[in-house]
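K.L.:
For reference, the file run-v5.txt (compact mmCIF, C-alpha atoms) is included below:
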# COMPACT_ATOMS: atom_id res chain seq x y z
CA MET N 282 -51.17 -0.85 -19.26
CA GLU N 283 -48.71 -3.66 -19.39
CA GLU N 284 -46.85 -4.30 -16.18
CA ASN N 285 -43.08 -4.41 -16.33
CA LYS N 286 -41.93 -7.84 -15.34
CA PRO N 287 -38.52 -8.42 -13.83
CA SER N 288 -36.09 -10.27 -16.02
CA THR N 289 -35.92 -13.95 -15.31
CA GLU N 290 -32.33 -14.06 -16.46
CA GLU N 291 -30.13 -14.91 -13.49
CA LYS N 292 -27.05 -12.83 -12.98
CA PRO N 293 -24.31 -13.80 -10.57
CA GLU N 294 -24.31 -11.57 -7.55
CA VAL N 295 -21.33 -9.24 -7.54
CA ILE N 296 -20.00 -8.50 -4.09
CA THR N 297 -17.77 -5.54 -3.34
CA HIS N 298 -14.97 -6.56 -1.02
CA PHE N 299 -13.26 -4.01 1.19
CA ILE N 300 -9.58 -4.20 1.96
CA GLN N 301 -8.13 -2.06 4.75
CA PRO N 302 -4.36 -1.77 4.50
CA HIS N 303 -2.53 -1.40 7.79
CA ASP N 304 -0.78 1.89 8.47
CA VAL N 305 3.00 1.81 8.39
CA PHE N 306 5.34 3.53 10.80
CA ILE N 307 8.99 3.63 9.85
CA LYS N 308 11.18 3.96 12.87
CA VAL N 309 14.49 5.58 12.12
CA GLN N 310 17.11 4.40 14.56
CA TRP N 311 20.62 5.61 14.24
CA ASP N 312 23.34 4.55 16.59
CA PHE N 313 26.46 6.64 16.43
CA GLY N 314 29.72 5.76 18.05
CA PRO N 315 30.37 3.84 21.24
CA SER N 316 27.62 5.52 23.21
CA GLY N 317 25.07 4.40 20.66
CA GLN N 318 26.28 0.86 20.24
CA LYS N 319 23.86 -1.82 21.13
CA GLU N 320 24.88 -4.77 23.18
CA SER N 321 25.20 -7.72 20.92
CA LYS N 322 23.46 -10.84 21.95
CA GLU N 323 24.88 -14.13 20.90
CA ASP N 324 23.03 -17.33 21.23
CA MET X 275 23.85 20.03 26.75
CA ALA X 276 23.56 16.48 25.51
CA GLY X 277 23.33 15.86 21.80
CA ALA X 278 20.20 14.53 20.21
CA LYS X 279 19.49 12.37 17.23
CA GLU X 280 17.76 14.13 14.41
CA CYS X 281 17.11 13.77 10.73
CA SER X 282 16.99 16.56 8.20
CA THR X 283 13.48 17.09 6.97
CA GLY X 284 14.99 17.07 3.49
CA VAL X 285 15.96 13.43 4.00
CA LEU X 286 12.43 12.52 5.01
CA ASP X 287 11.03 14.56 2.14
CA SER X 288 13.22 12.66 -0.30
CA ILE X 289 11.78 9.34 0.86
CA PHE X 290 8.26 10.43 0.13
CA GLY X 291 9.28 12.37 -2.93
CA TYR X 292 10.51 9.12 -4.42
CA LEU X 293 7.36 7.23 -3.45
CA TYR X 294 5.14 10.03 -4.71
CA GLY X 295 6.97 10.32 -8.00
CA SER X 296 7.14 6.61 -8.69
CA THR X 297 3.98 5.00 -7.37
CA PHE X 298 1.60 4.10 -10.14
CA ARG X 299 -0.29 1.00 -9.10
CA ILE X 300 -1.67 -0.63 -6.01
CA HIS X 301 -1.93 -4.39 -5.94
CA VAL X 302 -3.63 -6.63 -3.42
CA THR X 303 -1.76 -9.89 -3.18
CA THR X 304 -1.78 -13.18 -1.31
CA ASP X 305 1.82 -12.81 -0.18
CA THR X 306 5.09 -11.17 -1.09
CA SER X 307 6.91 -14.03 -2.73
CA PRO X 308 8.98 -12.99 -5.76
CA THR X 309 6.62 -14.87 -8.05
CA VAL X 310 3.59 -13.02 -6.77
CA LEU X 311 5.27 -9.63 -6.83
CA ALA X 312 6.42 -10.25 -10.38
CA SER X 313 2.91 -11.06 -11.52
CA ASN X 314 0.71 -8.30 -12.81
CA SER X 315 -2.50 -10.18 -13.21
CA SER X 316 -2.18 -13.85 -12.43
CA GLY X 317 -1.67 -16.18 -9.54
CA GLY X 318 -1.39 -14.39 -6.23
CA CYS X 319 -2.08 -10.95 -7.70
CA LEU X 320 -5.75 -10.63 -6.77
CA VAL X 321 -6.48 -6.98 -7.45
CA GLN X 322 -4.71 -4.18 -9.23
CA SER X 323 -5.60 -0.55 -9.51
CA SER X 324 -4.02 2.47 -11.07
CA VAL X 325 -3.76 5.35 -8.65
CA GLY X 326 -3.74 8.14 -11.17
CA SER X 327 -1.75 9.74 -13.89
CA TYR X 328 1.90 9.08 -13.43
CA PRO X 329 3.91 10.84 -12.10
CA THR X 330 1.42 12.94 -10.20
CA THR X 331 -1.66 11.61 -8.59
CA ALA X 332 -4.42 12.89 -6.39
CA TYR X 333 -4.38 9.57 -4.56
CA LEU X 334 -1.13 10.36 -2.79
CA THR X 335 -0.69 13.24 -0.39
CA ILE X 336 2.45 14.13 1.51
CA GLY X 337 1.94 15.78 4.87
CA SER X 338 3.96 16.92 7.84
CA SER X 339 3.62 17.01 11.58
CA GLY X 340 6.43 19.16 12.89
CA ASN X 341 9.63 17.62 11.53
CA ASN X 342 7.95 14.28 10.87
CA ARG X 343 6.57 13.30 7.50
CA TYR X 344 3.82 11.02 6.25
CA MET X 345 2.14 10.05 3.02
CA THR X 346 -1.54 9.26 2.76
CA ILE X 347 -2.73 6.83 0.14
CA ALA X 348 -6.36 7.64 -0.51
CA ALA X 349 -9.12 5.10 -0.73
CA CYS X 350 -9.70 3.77 -4.21
CA SER X 351 -12.06 1.45 -5.98
CA CYS X 352 -10.63 -1.20 -8.22
CA ASP X 353 -11.66 -3.13 -11.25
CA ALA X 354 -12.93 -6.64 -10.89
CA VAL X 355 -11.05 -9.05 -8.69
CA LEU X 356 -8.70 -10.87 -11.03
CA ASN X 357 -8.21 -14.11 -9.16
CA SER X 358 -9.79 -15.80 -6.18
CA GLY X 359 -7.55 -16.06 -3.16
CA THR X 360 -6.83 -14.77 0.31
CA ALA X 361 -5.76 -11.14 0.39
CA ALA X 362 -2.95 -10.51 2.86
CA CYS X 363 -0.79 -7.72 1.45
CA VAL X 364 -1.16 -4.37 -0.28
CA VAL X 365 1.72 -3.30 -2.49
CA LEU X 366 2.69 0.01 -4.08
CA PHE X 367 4.31 -0.51 -7.47
CA ASN X 368 6.10 1.75 -9.89
CA VAL X 369 4.84 2.39 -13.39
CA THR X 370 6.34 -0.73 -14.94
CA CYS X 371 5.59 -2.94 -11.93
CA SER X 372 9.29 -3.73 -11.81
CA GLU X 373 9.68 -2.41 -8.29
CA ALA X 374 7.52 -3.24 -5.31
CA MET X 375 8.23 -0.02 -3.50
CA TYR X 376 6.20 -0.52 -0.40
CA VAL X 377 4.32 -3.42 1.08
CA THR X 378 1.90 -3.37 3.95
CA THR X 379 -0.32 -6.01 5.39
CA CYS X 380 -4.09 -6.08 5.60
CA THR X 381 -6.52 -8.16 7.56
CA THR X 382 -6.69 -11.39 5.62
CA GLN X 383 -9.82 -11.78 3.59
CA ALA X 384 -11.01 -14.20 0.94
CA LEU X 385 -11.63 -12.50 -2.39
CA THR X 386 -13.62 -14.03 -5.21
CA ALA X 387 -12.80 -13.47 -8.85
CA ALA X 388 -15.14 -11.15 -10.77
CA ASN X 389 -16.34 -9.42 -7.61
CA LYS X 390 -15.30 -5.85 -7.00
CA CYS X 391 -12.92 -4.50 -4.42
CA ASN X 392 -12.38 -1.22 -2.63
CA ILE X 393 -9.20 -0.34 -0.78
CA GLY X 394 -9.34 1.91 2.25
CA THR X 395 -7.07 4.85 2.97
CA TRP X 396 -3.79 4.25 4.78
CA THR X 397 -0.64 6.11 5.68
CA ILE X 398 3.11 5.64 5.76
CA THR X 399 4.79 7.67 8.47
CA VAL X 400 8.47 8.41 9.03
CA ASN X 401 9.18 10.19 12.26
CA GLN X 402 12.33 11.78 13.58
CA PRO X 403 14.80 9.29 15.08
CA THR X 404 14.59 8.60 18.76
For the file at hand, write its structure as structure tokens.
P.N.:
Amino acid sequence: MEENKPSTEEKPEVITHFIQPHDVFIKVQWDFGPSGQKESKED
Amino acid sequence: MAGAKECSTGVLDSIFGYLYGSTFRIHVTTDTSPTVLASNSSGGCLVQSSVGSYPTTAYLTIGSSGNNRYMTIAACSCDAVLNSGTAACVVLFNVTCSEAMYVTTCTTQALTAANKCNIGTWTITVNQPT
């Protein structure tokens, strides 16, 4: 019985990259009226 | 009793309703310069993947935690890496790629053209104002 020989043809190795996106947190900040006004900082 | 800041859940739902209804592609890019964002397959656009049949897709799930809202973008496998470069951003695009609707960062990583790429799951959360 003939033995199966591996192909000698070279194939470039394909790598699977893994990308992990960073989670996103949207912070809603509403300032209403004088009590909600932020102090402005001027350089 | 002191007043408190709050946001209608309908407002938060509308944010994710728009994202859910419009997101069609996910790109991995080198940066978010206008040139890169305008490119579908060249230059700094390293990977692109469709996330399902517009306008509904199993890749996107809207969830709630009390009056807060979040959207989960499921993990997906992509076609071959288009261009070699350093991945730094992941972008949600609309169907025509005319609008980069949401951009997040990722741990920078060198990608090589013709390799494959998987993207992990991530979430966008909008909580009640504080």
K.L.:
Within 6 Å of chain X, which residues of chain N are there when counting only C-alpha atoms? Please give them as a list in words.
P.N.:
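That gives Val295, Ile296, Thr297, His298, Phe299, Ile300, Gln301, Pro302, His303, Asp304, Val305, Phe306, Ile307, Val309 and Gln310 of chain N for chain N.
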K.L.:
Which neighbours of Ser323 in chain X fall inside 8 Å, counting all atoms listed in the file, when residues of the same chain fewer than 6 positions from it are skipped, and could you give them as a ChimeraX atom specification?
P.N.:
/X:299-301,350-353
K.L.:
So how many Å separate CA of Asn357 in chain X and CA of Leu311 in chain X, to one decimal?
P.N.:
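These atoms are spaced 14.4 Å apart.
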K.L.:
Just give me the gap between CA of Gly337 in chain X and CA of Gly277 in chain X in Å, one decimal is fine.
P.N.:
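Pair CA of Gly337 in chain X / CA of Gly277 in chain X returns 27.3 Å.
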K.L.:
Draw an axis-aligned box over all listed atoms of range 288-304 of chain N, pad each side with 3 Å, and write its centre and edge lengths in Å, one decimal, as JSON.
P.N.:
{"center_x": -18.4, "center_y": -6.5, "center_z": -4.0, "size_x": 41.3, "size_y": 22.8, "size_z": 30.9}
K.L.:
Could you tell me how far CA of Ile289 in chain X lies from CA of Arg343 in chain X, in Å and to one decimal?
P.N.:
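Interatomic distance here is 9.3 Å.
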K.L.:
Counting only C-alpha atoms, what is within 10 Å of Thr370 in chain X, bar same-chain residues fewer than 4 positions away, as a list in words?
P.N.:
Ser296, Thr297, Phe298, Arg299 and Asn314 of chain X
K.L.:
Tell me, as a PyMOL selection string, which residues lie within 12 Å of Gly284 in chain X, counting all atoms listed in the file; anything in the same chain fewer than 6 positions away does not count.
P.N.:
chain X and resi 290-291+338+341-343+402
K.L.:
I need the residues from that last selection saved to file as a PDB file, in the frame of the given file (with C-alpha atoms), if you can.
P.N.:
ATOM      1  CA  PHE X 290       8.260  10.430   0.130  1.00  0.00           C
ATOM      2  CA  GLY X 291       9.280  12.370  -2.930  1.00  0.00           C
ATOM      3  CA  SER X 338       3.960  16.920   7.840  1.00  0.00           C
ATOM      4  CA  ASN X 341       9.630  17.620  11.530  1.00  0.00           C
ATOM      5  CA  ASN X 342       7.950  14.280  10.870  1.00  0.00           C
ATOM      6  CA  ARG X 343       6.570  13.300   7.500  1.00  0.00           C
ATOM      7  CA  GLN X 402      12.330  11.780  13.580  1.00  0.00           C
TER       8      GLN X 402
END
K.L.:
Could you rebuild range 356-391 of chain X with N, CA and C atoms and give it back as an mmCIF file, keeping the file's coordinate frame?
P.N.:
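Once everything was written out, this is result12.cif:
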data_model
loop_
_atom_site.group_PDB
_atom_site.id
_atom_site.type_symbol
_atom_site.label_atom_id
_atom_site.label_comp_id
_atom_site.auth_asym_id
_atom_site.auth_seq_id
_atom_site.Cartn_x
_atom_site.Cartn_y
_atom_site.Cartn_z
ATOM 1 N N LEU X 356 -9.268 -10.095 -9.932
ATOM 2 C CA LEU X 356 -8.700 -10.870 -11.030
ATOM 3 C C LEU X 356 -8.704 -12.374 -10.746
ATOM 4 N N ASN X 357 -8.348 -12.706 -9.521
ATOM 5 C CA ASN X 357 -8.210 -14.110 -9.160
ATOM 6 C C ASN X 357 -8.768 -14.320 -7.752
ATOM 7 N N SER X 358 -9.325 -15.480 -7.530
ATOM 8 C CA SER X 358 -9.790 -15.800 -6.180
ATOM 9 C C SER X 358 -8.603 -16.173 -5.314
ATOM 10 N N GLY X 359 -8.647 -15.738 -4.069
ATOM 11 C CA GLY X 359 -7.550 -16.060 -3.160
ATOM 12 C C GLY X 359 -7.709 -15.261 -1.874
ATOM 13 N N THR X 360 -6.781 -15.462 -0.974
ATOM 14 C CA THR X 360 -6.830 -14.770 0.310
ATOM 15 C C THR X 360 -5.928 -13.556 0.286
ATOM 16 N N ALA X 361 -6.530 -12.382 0.392
ATOM 17 C CA ALA X 361 -5.760 -11.140 0.390
ATOM 18 C C ALA X 361 -5.020 -10.997 1.717
ATOM 19 N N ALA X 362 -3.746 -10.673 1.638
ATOM 20 C CA ALA X 362 -2.950 -10.510 2.860
ATOM 21 C C ALA X 362 -2.036 -9.296 2.802
ATOM 22 N N CYS X 363 -1.760 -8.814 1.600
ATOM 23 C CA CYS X 363 -0.790 -7.720 1.450
ATOM 24 C C CYS X 363 -1.309 -6.682 0.455
ATOM 25 N N VAL X 364 -0.872 -5.456 0.652
ATOM 26 C CA VAL X 364 -1.160 -4.370 -0.280
ATOM 27 C C VAL X 364 0.186 -3.776 -0.687
ATOM 28 N N VAL X 365 0.403 -3.651 -1.985
ATOM 29 C CA VAL X 365 1.720 -3.300 -2.490
ATOM 30 C C VAL X 365 1.641 -2.068 -3.391
ATOM 31 N N LEU X 366 2.549 -1.132 -3.171
ATOM 32 C CA LEU X 366 2.690 0.010 -4.080
ATOM 33 C C LEU X 366 3.739 -0.347 -5.125
ATOM 34 N N PHE X 367 3.382 -0.196 -6.384
ATOM 35 C CA PHE X 367 4.310 -0.510 -7.470
ATOM 36 C C PHE X 367 4.629 0.736 -8.289
ATOM 37 N N ASN X 368 5.761 0.688 -8.958
ATOM 38 C CA ASN X 368 6.100 1.750 -9.890
ATOM 39 C C ASN X 368 5.367 1.520 -11.216
ATOM 40 N N VAL X 369 5.637 2.386 -12.171
ATOM 41 C CA VAL X 369 4.840 2.390 -13.390
ATOM 42 C C VAL X 369 4.986 1.105 -14.204
ATOM 43 N N THR X 370 6.146 0.484 -14.154
ATOM 44 C CA THR X 370 6.340 -0.730 -14.940
ATOM 45 C C THR X 370 6.132 -1.990 -14.099
ATOM 46 N N CYS X 371 5.751 -1.814 -12.861
ATOM 47 C CA CYS X 371 5.590 -2.940 -11.930
ATOM 48 C C CYS X 371 6.893 -3.706 -11.733
ATOM 49 N N SER X 372 7.998 -3.056 -11.984
ATOM 50 C CA SER X 372 9.290 -3.730 -11.810
ATOM 51 C C SER X 372 9.809 -3.561 -10.388
ATOM 52 N N GLU X 373 9.207 -2.659 -9.645
ATOM 53 C CA GLU X 373 9.680 -2.410 -8.290
ATOM 54 C C GLU X 373 8.502 -2.363 -7.324
ATOM 55 N N ALA X 374 8.504 -3.284 -6.394
ATOM 56 C CA ALA X 374 7.520 -3.240 -5.310
ATOM 57 C C ALA X 374 8.089 -2.282 -4.274
ATOM 58 N N MET X 375 7.583 -1.063 -4.293
ATOM 59 C CA MET X 375 8.230 -0.020 -3.500
ATOM 60 C C MET X 375 7.828 -0.033 -2.038
ATOM 61 N N TYR X 376 6.612 -0.447 -1.788
ATOM 62 C CA TYR X 376 6.200 -0.520 -0.400
ATOM 63 C C TYR X 376 5.126 -1.584 -0.237
ATOM 64 N N VAL X 377 5.267 -2.355 0.803
ATOM 65 C CA VAL X 377 4.320 -3.420 1.080
ATOM 66 C C VAL X 377 3.775 -3.238 2.489
ATOM 67 N N THR X 378 2.495 -3.313 2.619
ATOM 68 C CA THR X 378 1.900 -3.370 3.950
ATOM 69 C C THR X 378 0.986 -4.572 4.020
ATOM 70 N N THR X 379 0.580 -4.881 5.213
ATOM 71 C CA THR X 379 -0.320 -6.010 5.390
ATOM 72 C C THR X 379 -1.758 -5.501 5.463
ATOM 73 N N CYS X 380 -2.683 -6.417 5.376
ATOM 74 C CA CYS X 380 -4.090 -6.080 5.600
ATOM 75 C C CYS X 380 -4.698 -7.271 6.333
ATOM 76 N N THR X 381 -5.826 -7.048 6.930
ATOM 77 C CA THR X 381 -6.520 -8.160 7.560
ATOM 78 C C THR X 381 -6.869 -9.166 6.483
ATOM 79 N N THR X 382 -6.486 -10.403 6.685
ATOM 80 C CA THR X 382 -6.690 -11.390 5.620
ATOM 81 C C THR X 382 -8.170 -11.555 5.310
ATOM 82 N N GLN X 383 -8.425 -11.695 4.034
ATOM 83 C CA GLN X 383 -9.820 -11.780 3.590
ATOM 84 C C GLN X 383 -9.880 -12.555 2.276
ATOM 85 N N ALA X 384 -10.845 -13.436 2.177
ATOM 86 C CA ALA X 384 -11.010 -14.200 0.940
ATOM 87 C C ALA X 384 -11.682 -13.345 -0.116
ATOM 88 N N LEU X 385 -11.053 -13.242 -1.272
ATOM 89 C CA LEU X 385 -11.630 -12.500 -2.390
ATOM 90 C C LEU X 385 -12.046 -13.490 -3.481
ATOM 91 N N THR X 386 -13.114 -13.161 -4.158
ATOM 92 C CA THR X 386 -13.620 -14.030 -5.210
ATOM 93 C C THR X 386 -13.510 -13.324 -6.555
ATOM 94 N N ALA X 387 -12.977 -14.035 -7.514
ATOM 95 C CA ALA X 387 -12.800 -13.470 -8.850
ATOM 96 C C ALA X 387 -14.114 -12.933 -9.386
ATOM 97 N N ALA X 388 -14.017 -11.826 -10.110
ATOM 98 C CA ALA X 388 -15.140 -11.150 -10.770
ATOM 99 C C ALA X 388 -15.938 -10.255 -9.821
ATOM 100 N N ASN X 389 -15.732 -10.400 -8.525
ATOM 101 C CA ASN X 389 -16.340 -9.420 -7.610
ATOM 102 C C ASN X 389 -15.556 -8.110 -7.710
ATOM 103 N N LYS X 390 -16.018 -7.117 -7.004
ATOM 104 C CA LYS X 390 -15.300 -5.850 -7.000
ATOM 105 C C LYS X 390 -14.557 -5.688 -5.676
ATOM 106 N N CYS X 391 -13.715 -4.680 -5.627
ATOM 107 C CA CYS X 391 -12.920 -4.500 -4.420
ATOM 108 C C CYS X 391 -12.595 -3.022 -4.211
#
